[in-house]
>>> print(open('query_1.txt').read())   # compact mmCIF, C-alpha atoms (C1' of nucleotides)
# COMPACT_ATOMS: atom_id res chain seq x y z
CA MET D 91 0.00 0.00 0.00
CA THR D 92 1.74 3.09 -1.17
CA ASP D 93 0.52 6.11 0.65
CA LYS D 94 0.49 9.28 -1.41
CA THR D 95 1.73 11.25 1.53
CA ASN D 96 4.50 8.76 2.08
CA PRO D 97 6.14 8.22 -1.27
CA ARG D 98 9.13 5.95 -1.46
CA LEU D 99 11.80 8.49 -2.28
CA PHE D 100 14.54 5.96 -2.71
CA HIS D 101 12.60 4.08 -5.29
CA LEU D 102 11.61 7.22 -7.15
CA VAL D 103 15.17 8.47 -7.31
CA HIS D 104 16.25 5.07 -8.51
CA ARG D 105 13.72 5.00 -11.31
CA LEU D 106 14.50 8.57 -12.24
CA HIS D 107 18.17 7.86 -12.40
CA GLN D 108 17.74 4.78 -14.54
CA ALA D 109 15.60 6.68 -17.00
CA LEU D 110 17.86 9.73 -17.09
CA PHE D 111 20.98 7.69 -17.38
CA ARG D 112 19.71 5.55 -20.22
CA ALA D 113 18.52 8.57 -22.17
CA GLY D 114 21.64 10.60 -21.47
CA ASP D 115 24.02 7.79 -22.31
CA GLN D 116 22.19 7.10 -25.51
CA MET D 117 22.24 10.74 -26.57
CA LEU D 118 25.88 11.36 -25.74
CA GLY D 119 26.92 7.93 -26.96
CA GLU D 120 25.39 8.41 -30.37
CA ALA D 121 26.50 11.99 -30.77
CA LEU D 122 29.99 11.87 -29.29
CA GLY D 123 30.81 8.34 -28.23
CA ILE D 124 31.01 9.17 -24.54
CA SER D 125 28.94 8.32 -21.49
CA THR D 126 27.22 10.76 -19.20
CA THR D 127 29.79 10.08 -16.51
CA GLN D 128 32.52 10.84 -18.97
CA SER D 129 30.84 14.11 -19.87
CA ALA D 130 30.72 14.98 -16.18
CA VAL D 131 34.46 14.38 -15.95
CA LEU D 132 35.10 16.55 -18.99
CA MET D 133 32.97 19.34 -17.60
CA TYR D 134 34.67 19.24 -14.25
CA LEU D 135 38.07 19.37 -15.93
CA LYS D 136 36.96 22.41 -17.85
CA SER D 137 37.14 24.48 -14.68
CA LYS D 138 39.72 22.42 -12.86
CA ASP D 139 42.12 20.98 -15.41
CA GLY D 140 44.84 18.96 -13.75
CA ALA D 141 42.62 17.66 -10.96
CA ALA D 142 43.72 14.52 -9.16
CA MET D 143 41.91 11.20 -9.35
CA GLY D 144 40.41 11.50 -5.90
CA GLU D 145 39.15 15.00 -6.48
CA LEU D 146 37.55 13.94 -9.75
CA ALA D 147 35.89 10.98 -8.10
CA GLN D 148 34.46 13.21 -5.41
CA ALA D 149 33.22 15.69 -8.00
CA VAL D 150 31.33 13.20 -10.10
CA GLY D 151 30.13 11.10 -7.18
CA LEU D 152 32.16 7.96 -7.69
CA LYS D 153 34.48 6.10 -5.37
CA ILE D 154 38.10 6.46 -6.35
CA THR D 155 38.21 2.76 -7.06
CA SER D 156 35.81 3.35 -9.94
CA MET D 157 37.77 6.32 -11.20
CA SER D 158 40.75 4.29 -12.37
CA GLY D 159 38.75 2.40 -14.95
CA LEU D 160 36.85 5.47 -16.04
CA VAL D 161 40.05 7.44 -16.61
CA ASP D 162 41.56 4.40 -18.33
CA ARG D 163 38.74 4.39 -20.84
CA MET D 164 38.87 8.12 -21.38
CA GLU D 165 42.62 8.05 -21.72
CA SER D 166 42.51 5.27 -24.29
CA LYS D 167 39.95 7.33 -26.20
CA GLY D 168 42.42 10.18 -26.18
CA LEU D 169 40.20 12.54 -24.24
CA LEU D 170 42.62 13.14 -21.38
CA LYS D 171 45.93 11.95 -19.99
CA ARG D 172 47.51 11.16 -16.68
CA VAL D 173 50.45 13.41 -15.85
CA ARG D 174 52.53 12.61 -12.79
CA SER D 175 52.25 15.30 -10.18
CA GLU D 176 55.50 17.10 -9.51
CA THR D 177 54.78 17.63 -5.86
CA ASP D 178 53.35 14.21 -4.99
CA ARG D 179 54.48 11.34 -7.10
CA ARG D 180 51.66 9.06 -5.99
CA SER D 181 49.22 11.44 -7.60
CA PHE D 182 48.24 12.27 -11.15
CA ALA D 183 47.15 15.51 -12.70
CA ILE D 184 44.35 14.58 -15.08
CA THR D 185 44.66 16.81 -18.09
CA LEU D 186 42.40 17.38 -21.07
CA THR D 187 43.89 16.69 -24.49
CA PRO D 188 42.99 18.82 -27.51
CA GLU D 189 40.64 16.03 -28.53
CA GLY D 190 39.07 16.11 -25.08
CA LYS D 191 38.54 19.84 -25.34
CA LYS D 192 36.94 19.39 -28.72
CA ILE D 193 34.51 16.77 -27.43
CA LEU D 194 33.80 18.90 -24.39
CA LYS D 195 32.85 21.84 -26.59
CA ARG D 196 30.45 19.63 -28.46
CA ALA D 197 29.03 18.07 -25.31
CA GLU D 198 28.24 21.34 -23.61
CA PRO D 199 25.28 22.43 -25.72
CA LEU D 200 23.82 18.92 -25.59
CA VAL D 201 24.08 18.82 -21.83
CA ALA D 202 22.67 22.32 -21.53
CA GLN D 203 19.77 21.46 -23.79
CA ASN D 204 19.10 18.31 -21.85
CA ASN D 205 19.13 20.26 -18.64
CA ALA D 206 16.75 22.86 -20.00
CA ALA D 207 14.33 20.12 -20.95
CA LEU D 208 14.55 18.69 -17.45
CA VAL D 209 13.97 22.03 -15.80
CA ASN D 210 11.01 22.47 -18.05
CA ALA D 211 9.65 19.06 -17.15
CA LEU D 212 9.83 19.66 -13.42
CA GLY D 213 6.34 21.09 -13.36
CA ASP D 214 4.85 24.13 -11.76
CA ASN D 215 4.90 23.02 -8.17
CA ILE D 216 8.63 23.18 -7.75
CA SER D 217 11.46 25.31 -9.04
CA ALA D 218 14.76 24.01 -10.33
CA SER D 219 16.62 25.57 -7.44
CA GLN D 220 14.23 24.03 -4.95
CA PHE D 221 14.69 20.63 -6.49
CA ALA D 222 18.44 21.08 -6.61
CA GLU D 223 18.54 22.14 -2.99
CA ALA D 224 16.55 19.08 -1.99
CA CYS D 225 18.96 16.83 -3.89
CA GLU D 226 21.92 18.48 -2.23
CA ASN D 227 20.34 18.07 1.18
CA LEU D 228 19.76 14.41 0.52
CA ILE D 229 23.29 13.87 -0.76
CA ARG D 230 24.74 15.55 2.27
CA ALA D 231 22.54 13.56 4.63
CA VAL D 232 23.32 10.25 3.01
CA GLU D 233 27.05 10.84 2.63
CA SER D 234 27.80 12.31 5.99
CA GLY D 235 25.03 11.34 8.33
CA ALA D 236 24.08 7.93 7.07
CA ASP D 237 25.86 5.94 9.68
CA GLN D 238 25.24 8.32 12.53
CA GLN D 239 21.56 8.64 11.79
CA GLN D 240 21.32 4.91 11.67
CA SER D 241 22.47 4.77 15.25
CA LYS D 242 18.87 4.51 16.26
CA ILE D 243 18.39 1.64 13.90
CA GLN D 244 18.74 -1.74 15.40
CA LYS D 245 19.47 -4.60 13.10
CA VAL D 246 16.66 -7.01 12.62
CA SER D 247 17.90 -10.50 13.07
CA MET C 165 16.81 33.57 -16.69
CA THR C 166 20.46 32.69 -16.51
CA ASP C 167 21.19 33.09 -12.85
CA LYS C 168 22.20 30.46 -10.39
CA THR C 169 18.76 28.93 -10.81
CA ASN C 170 20.37 26.83 -13.49
CA PRO C 171 21.70 23.85 -11.57
CA ARG C 172 22.70 20.77 -13.46
CA LEU C 173 19.84 18.51 -12.54
CA PHE C 174 21.18 15.49 -14.32
CA HIS C 175 24.41 15.64 -12.44
CA LEU C 176 22.67 16.17 -9.11
CA VAL C 177 20.36 13.23 -9.63
CA HIS C 178 23.32 11.13 -10.63
CA ARG C 179 25.28 11.98 -7.52
CA LEU C 180 22.24 11.52 -5.35
CA HIS C 181 21.57 8.14 -6.83
CA GLN C 182 25.13 6.95 -6.39
CA ALA C 183 25.13 7.97 -2.74
CA LEU C 184 21.70 6.53 -2.02
CA PHE C 185 22.42 3.34 -3.83
CA ARG C 186 25.71 2.71 -2.10
CA ALA C 187 24.22 3.37 1.31
CA GLY C 188 21.07 1.37 0.64
CA ASP C 189 22.92 -1.57 -0.84
CA GLN C 190 25.27 -1.64 2.07
CA MET C 191 22.48 -1.53 4.62
CA LEU C 192 20.34 -4.18 2.98
CA GLY C 193 23.33 -6.25 1.99
CA GLU C 194 24.68 -6.45 5.50
CA ALA C 195 21.32 -6.97 7.15
CA LEU C 196 19.63 -9.29 4.67
CA GLY C 197 22.01 -10.14 1.86
CA ILE C 198 19.95 -8.43 -0.82
CA SER C 199 20.39 -5.35 -2.98
CA THR C 200 18.12 -2.34 -3.10
CA THR C 201 16.83 -3.41 -6.48
CA GLN C 202 16.02 -6.80 -5.08
CA SER C 203 14.11 -5.19 -2.24
CA ALA C 204 12.14 -3.19 -4.79
CA VAL C 205 11.20 -6.43 -6.54
CA LEU C 206 10.15 -8.04 -3.27
CA MET C 207 8.03 -5.06 -2.34
CA TYR C 208 6.35 -4.97 -5.70
CA LEU C 209 5.56 -8.66 -5.46
CA LYS C 210 4.01 -8.07 -2.08
CA SER C 211 1.07 -6.37 -3.72
CA LYS C 212 1.28 -8.11 -7.07
CA ASP C 213 2.52 -11.63 -6.52
CA GLY C 214 2.69 -13.56 -9.76
CA ALA C 215 3.66 -10.56 -11.86
CA ALA C 216 5.35 -11.22 -15.20
CA MET C 217 8.95 -10.34 -15.99
CA GLY C 218 8.04 -7.36 -18.12
CA GLU C 219 5.68 -5.94 -15.55
CA LEU C 220 8.31 -6.26 -12.86
CA ALA C 221 10.90 -4.57 -15.02
CA GLN C 222 8.55 -1.69 -15.64
CA ALA C 223 7.76 -1.41 -11.95
CA VAL C 224 11.34 -1.18 -10.75
CA GLY C 225 12.57 0.87 -13.69
CA LEU C 226 14.72 -1.68 -15.46
CA LYS C 227 14.70 -2.92 -19.03
CA ILE C 228 13.37 -6.42 -19.31
CA THR C 229 16.76 -7.53 -20.56
CA SER C 230 18.15 -6.70 -17.12
CA MET C 231 15.31 -8.45 -15.36
CA SER C 232 16.39 -11.94 -16.39
CA GLY C 233 19.65 -11.79 -14.50
CA LEU C 234 18.06 -10.10 -11.51
CA VAL C 235 15.39 -12.79 -11.22
CA ASP C 236 18.06 -15.43 -11.79
CA ARG C 237 19.98 -14.18 -8.78
CA MET C 238 16.90 -13.89 -6.61
CA GLU C 239 15.71 -17.31 -7.66
CA SER C 240 19.04 -18.90 -6.85
CA LYS C 241 18.86 -17.22 -3.46
CA GLY C 242 15.50 -18.87 -3.00
CA LEU C 243 13.57 -15.61 -2.67
CA LEU C 244 11.19 -16.25 -5.54
CA LYS C 245 10.52 -18.66 -8.36
CA ARG C 246 9.47 -18.62 -11.96
CA VAL C 247 6.17 -20.36 -12.59
CA ARG C 248 5.03 -20.88 -16.16
CA SER C 249 1.91 -18.92 -16.93
CA GLU C 250 -1.09 -21.11 -17.73
CA THR C 251 -2.54 -18.68 -20.20
CA ASP C 252 0.63 -17.66 -22.01
CA ARG C 253 3.41 -20.16 -22.04
CA ARG C 254 6.03 -17.63 -23.07
CA SER C 255 5.45 -15.81 -19.82
CA PHE C 256 6.33 -16.46 -16.20
CA ALA C 257 4.46 -15.68 -13.02
CA ILE C 258 7.13 -14.54 -10.57
CA THR C 259 6.13 -15.84 -7.18
CA LEU C 260 7.48 -15.20 -3.71
CA THR C 261 8.74 -18.21 -1.79
CA PRO C 262 8.26 -18.47 1.98
CA GLU C 263 11.90 -17.42 2.30
CA GLY C 264 11.20 -14.42 0.08
CA LYS C 265 8.27 -13.43 2.23
CA LYS C 266 10.40 -13.72 5.32
CA ILE C 267 13.10 -11.49 3.88
CA LEU C 268 10.46 -9.06 2.68
CA LYS C 269 9.04 -8.73 6.16
CA ARG C 270 12.48 -7.99 7.47
CA ALA C 271 13.25 -5.53 4.70
CA GLU C 272 10.12 -3.47 5.13
CA PRO C 273 10.99 -1.73 8.39
CA LEU C 274 14.51 -1.03 7.14
CA VAL C 275 13.20 0.52 3.96
CA ALA C 276 10.56 2.49 5.83
CA GLN C 277 13.10 3.78 8.28
CA ASN C 278 15.44 4.71 5.51
CA ASN C 279 12.64 6.54 3.76
CA ALA C 280 11.72 8.42 6.89
CA ALA C 281 15.32 9.58 7.24
CA LEU C 282 15.26 10.77 3.64
CA VAL C 283 12.00 12.65 4.06
CA ASN C 284 13.50 14.23 7.12
CA ALA C 285 16.63 15.25 5.25
CA LEU C 286 14.71 16.93 2.44
CA GLY C 287 14.67 20.23 4.27
CA ASP C 288 12.00 22.79 4.92
CA ASN C 289 11.70 24.23 1.46
CA ILE C 290 10.10 21.22 -0.09
CA SER C 291 7.69 18.53 0.97
CA ALA C 292 8.09 14.83 0.25
CA SER C 293 5.06 14.83 -2.02
CA GLN C 294 6.39 17.83 -3.92
CA PHE C 295 9.71 16.12 -4.42
CA ALA C 296 8.00 12.90 -5.41
CA GLU C 297 5.80 14.69 -7.90
CA ALA C 298 8.82 16.36 -9.44
CA CYS C 299 10.56 12.99 -9.79
CA GLU C 300 7.51 11.50 -11.41
CA ASN C 301 7.24 14.40 -13.82
CA LEU C 302 10.86 13.96 -14.79
CA ILE C 303 10.51 10.23 -15.24
CA ARG C 304 7.49 10.70 -17.43
CA ALA C 305 9.18 13.36 -19.49
CA VAL C 306 12.35 11.36 -20.00
CA GLU C 307 10.59 8.11 -20.79
CA SER C 308 8.18 9.64 -23.23
CA GLY C 309 11.01 11.12 -25.24
CA ALA C 310 11.38 14.63 -23.94
CA ASP C 311 14.70 14.60 -25.70
CA GLN C 312 13.09 14.94 -29.04
CA GLN C 313 11.02 17.89 -27.94
CA GLN C 314 14.15 19.67 -26.95
CA SER C 315 14.60 21.54 -30.17
CA LYS C 316 11.44 23.40 -29.38
CA ILE C 317 11.46 23.96 -25.70
CA GLN C 318 8.03 25.45 -25.79
CA LYS C 319 6.00 22.90 -24.00
CA VAL C 320 2.45 22.92 -22.76
CA SER C 321 2.87 22.55 -19.05
C1' DT N 151 66.72 8.71 11.51
C1' DC N 152 63.53 5.44 10.69
C1' DA N 153 59.63 2.57 11.65
C1' DA N 154 54.66 3.04 11.81
C1' DT N 155 51.03 5.01 9.60
C1' DA N 156 48.48 7.44 6.20
C1' DT N 157 47.45 8.63 1.44
C1' DA N 158 46.86 8.16 -3.83
C1' DC N 159 46.05 5.12 -6.87
C1' DT N 160 45.60 0.34 -9.19
C1' DT N 161 44.13 -4.40 -9.69
C1' DC N 162 41.04 -8.09 -9.10
C1' DG N 163 36.79 -10.44 -8.39
C1' DT N 164 31.91 -9.68 -8.34
C1' DA N 165 27.45 -7.48 -9.27
C1' DT N 166 24.67 -5.13 -12.21
C1' DA N 167 22.64 -2.76 -16.46
C1' DC N 168 22.10 -2.37 -21.33
C1' DG N 169 21.39 -3.26 -26.59
C1' DA N 170 21.38 -6.58 -30.17
C1' DA N 171 20.31 -10.88 -31.51
C1' DA N 172 18.23 -15.45 -30.49
C1' DT N 173 14.33 -18.48 -28.95
C1' DA N 174 9.77 -19.73 -28.19
C1' DA N 175 4.82 -19.01 -28.06
C1' DT N 176 0.83 -16.16 -29.65
C1' DT N 177 -1.80 -13.51 -32.78
C1' DG N 178 -3.43 -11.95 -37.23
C1' DA N 179 -4.24 -11.77 -41.99
C1' DT N 180 -5.21 -14.36 -45.65
C1' DA W 53 -5.26 -23.81 -41.64
C1' DT W 54 -0.87 -21.30 -42.50
C1' DC W 55 2.66 -18.29 -42.49
C1' DA W 56 4.27 -13.68 -41.22
C1' DA W 57 4.40 -10.37 -37.66
C1' DT W 58 4.27 -9.66 -32.69
C1' DT W 59 5.28 -10.52 -27.93
C1' DA W 60 7.79 -12.49 -23.64
C1' DT W 61 11.86 -13.81 -22.27
C1' DT W 62 16.83 -15.31 -22.51
C1' DT W 63 21.63 -15.11 -23.93
C1' DC W 64 25.76 -12.78 -25.13
C1' DG W 65 29.10 -9.19 -25.34
C1' DT W 66 30.25 -4.80 -23.32
C1' DA W 67 30.31 -1.05 -19.93
C1' DT W 68 30.37 0.34 -15.47
C1' DA W 69 30.54 0.49 -10.20
C1' DC W 70 32.11 -1.30 -5.87
C1' DG W 71 34.94 -3.36 -1.85
C1' DA W 72 39.06 -5.64 -0.51
C1' DA W 73 43.61 -6.08 -1.01
C1' DG W 74 48.01 -4.58 -3.12
C1' DT W 75 51.77 -1.05 -4.48
C1' DA W 76 54.21 3.06 -4.19
C1' DT W 77 55.03 7.39 -2.05
C1' DA W 78 54.55 10.74 1.78
C1' DT W 79 54.19 12.03 6.53
C1' DT W 80 54.57 11.60 11.44
C1' DG W 81 56.47 10.77 15.85
C1' DA W 82 59.85 9.20 19.11
>>> encode(input="query_1.txt", output="structure tokens")
Amino acid sequence: MTDKTNPRLFHLVHRLHQALFRAGDQMLGEALGISTTQSAVLMYLKSKDGAAMGELAQAVGLKITSMSGLVDRMESKGLLKRVRSETDRRSFAITLTPEGKKILKRAEPLVAQNNAALVNALGDNISASQFAEACENLIRAVESGADQQQSKIQKVS
Amino acid sequence: MTDKTNPRLFHLVHRLHQALFRAGDQMLGEALGISTTQSAVLMYLKSKDGAAMGELAQAVGLKITSMSGLVDRMESKGLLKRVRSETDRRSFAITLTPEGKKILKRAEPLVAQNNAALVNALGDNISASQFAEACENLIRAVESGADQQQSKIQKVS
DNA sequence: TCAATATACTTCGTATACGAAATAATTGAT
DNA sequence: ATCAATTATTTCGTATACGAAGTATATTGA
């Protein structure tokens, strides 16, 4: 029994993500041969070229363990390259190649257009900034408070 | 209209999903040995036991091609079983086993508690039903091919 | 100085999702 | 009745994400 006043947010976000991701991957894949996650990396590097793996992972919401493979794929596509950091030789500066910049320039209008369509689809009862704020609140809560807020939760066993 | 009210919704939803999914999978995995997607299947079957593969896929937001493996895993865990439909022998009625019902009963309070924490984390500027409605609007828009309407962003809303 | 510890990243095994193509049963038009 | 189109599901190849454990470098503390 799903109560209208008690919607299952987790489930909704999950379904939304699946739908968005499929559509976004298809669009960017067909047009530019990249995934949505890859476009997020490119767009982050636009403002922060030379970012480290960990910083990139944080920015796009992945664990660093997933970043290695992602950067591998993007590097082998020629979109970016790993450059050893001068100051810390464990670390890499991830740097856009000319090809990466070219793809980024082409991805930007697609992403912007996609975003405009989403903002438009939100409906009248909520603004984009309201929705964004809610998402950020949820992310913060889940990432930082998850374990602490679960302190009241006793395992069922 | 180009102020900071232009957040990248796609990216936010993506990050939110990653965080939610990791946390949810960890919680349900440790407590019950199932994934969040598996819990969604169980909960759908609670009200619609005997659903077909395609219906289930629709309900949890997967493509049917992904449903086969998911049901495989759940079947081998003994949570449910495929029963040939009497009326259409291409189709299966996916049915909860006693074990599946047991796990479902244990999952429900965890999911409810998790949802309550999320509702609580939403913040004051938006209600759960508002957020849910926005998600549903977005899902509908994306699934019905909002991408094609992008070229003309004038939309009757 | 140097051993213990922490950090940045990779590798490996596993889980999951998808599209394209295959398989099997049903429906529909002749 | 029959054969082509449709529908439900599976299989296969590929992409991606994660945790645990490993490697290399940096930092800390006595």
>>> atom_distance(input="query_1.txt", atom1="atom CA of D:Ala183", atom2="atom CA of D:Lys171")
8.2 Å
>>> calpha_fit_rmsd(input="query_1.txt", fixed="chain C", moving="chain D")
3.9 Å
>>> atom_distance(input="query_1.txt", atom1="atom C1' of N:DT161", atom2="atom CA of C:Ile198")
26.1 Å
>>> closest_residue(input="query_1.txt", among="C:Gln202, C:Asn289, C:Thr229, C:Gln222", to="W:DT62", atoms="all atoms listed in the file")
C:Thr229
>>> atom_distance(input="query_1.txt", atom1="atom CA of C:Asn279", atom2="atom CA of C:Thr201")
14.9 Å
>>> closest_residue(input="query_1.txt", among="C:Gln277, C:Ser255, C:Ser291, C:Thr261", to="C:Ser240", atoms="all atoms listed in the file")
C:Thr261
>>> closest_atom_pairs(input="query_1.txt", of="chain N", to="chain D", cutoff="9 Å", atoms="only C-alpha atoms (C1' of nucleotides)", output="tab-separated table")
residue	atom	partner	partner_atom	distance
N:DT157	C1'	D:Arg180	CA	8.6
N:DA158	C1'	D:Arg180	CA	5.3
N:DC159	C1'	D:Arg180	CA	6.9
N:DT160	C1'	D:Ser158	CA	7.0
N:DC168	C1'	D:Arg112	CA	8.3
>>> closest_residue(input="query_1.txt", among="D:Asp115, D:Glu226, D:Glu176, D:Glu165", to="D:Asn204", atoms="all atoms listed in the file")
D:Asp115
>>> interface_residues(input="query_1.txt", of="chain D", to="chain C", cutoff="7 Å", atoms="only C-alpha atoms", output="PyMOL selection string")
chain D and resi 95+97-100+102-110+150-151+203-205+207-208+211-213+215-216+218-220+222+224-225+227-229+231-233+245-246
>>> write_last_selection(input="query_1.txt", atoms="C-alpha atoms", output="compact mmCIF listing (two decimals), in the coordinates of the input")
# COMPACT_ATOMS: atom_id res chain seq x y z
CA THR D 95 1.73 11.25 1.53
CA PRO D 97 6.14 8.22 -1.27
CA ARG D 98 9.13 5.95 -1.46
CA LEU D 99 11.80 8.49 -2.28
CA PHE D 100 14.54 5.96 -2.71
CA LEU D 102 11.61 7.22 -7.15
CA VAL D 103 15.17 8.47 -7.31
CA HIS D 104 16.25 5.07 -8.51
CA ARG D 105 13.72 5.00 -11.31
CA LEU D 106 14.50 8.57 -12.24
CA HIS D 107 18.17 7.86 -12.40
CA GLN D 108 17.74 4.78 -14.54
CA ALA D 109 15.60 6.68 -17.00
CA LEU D 110 17.86 9.73 -17.09
CA VAL D 150 31.33 13.20 -10.10
CA GLY D 151 30.13 11.10 -7.18
CA GLN D 203 19.77 21.46 -23.79
CA ASN D 204 19.10 18.31 -21.85
CA ASN D 205 19.13 20.26 -18.64
CA ALA D 207 14.33 20.12 -20.95
CA LEU D 208 14.55 18.69 -17.45
CA ALA D 211 9.65 19.06 -17.15
CA LEU D 212 9.83 19.66 -13.42
CA GLY D 213 6.34 21.09 -13.36
CA ASN D 215 4.90 23.02 -8.17
CA ILE D 216 8.63 23.18 -7.75
CA ALA D 218 14.76 24.01 -10.33
CA SER D 219 16.62 25.57 -7.44
CA GLN D 220 14.23 24.03 -4.95
CA ALA D 222 18.44 21.08 -6.61
CA ALA D 224 16.55 19.08 -1.99
CA CYS D 225 18.96 16.83 -3.89
CA ASN D 227 20.34 18.07 1.18
CA LEU D 228 19.76 14.41 0.52
CA ILE D 229 23.29 13.87 -0.76
CA ALA D 231 22.54 13.56 4.63
CA VAL D 232 23.32 10.25 3.01
CA GLU D 233 27.05 10.84 2.63
CA LYS D 245 19.47 -4.60 13.10
CA VAL D 246 16.66 -7.01 12.62
>>> interface_residues(input="query_1.txt", of="chain W", to="chain D", cutoff="9 Å", atoms="all atoms listed in the file", output="PyMOL selection string")
chain W and resi 68-71+76-78
>>> axis_aligned_box(input="query_1.txt", around="stretch 53-67 of chain W", padding_each_side="8 Å", output="JSON")
{"center_x": 12.5, "center_y": -12.4, "center_z": -31.2, "size_x": 51.6, "size_y": 38.8, "size_z": 38.6}
>>> residues_around(input="query_1.txt", residues="W:DT80", least_positions_apart="3", cutoff="12 Å", atoms="only C-alpha atoms (C1' of nucleotides)", output="compact mmCIF listing (two decimals) with C-alpha atoms (C1' of nucleotides), in the frame of the given file")
# COMPACT_ATOMS: atom_id res chain seq x y z
C1' DC N 152 63.53 5.44 10.69
C1' DA N 153 59.63 2.57 11.65
C1' DA N 154 54.66 3.04 11.81
C1' DT N 155 51.03 5.01 9.60
C1' DA N 156 48.48 7.44 6.20
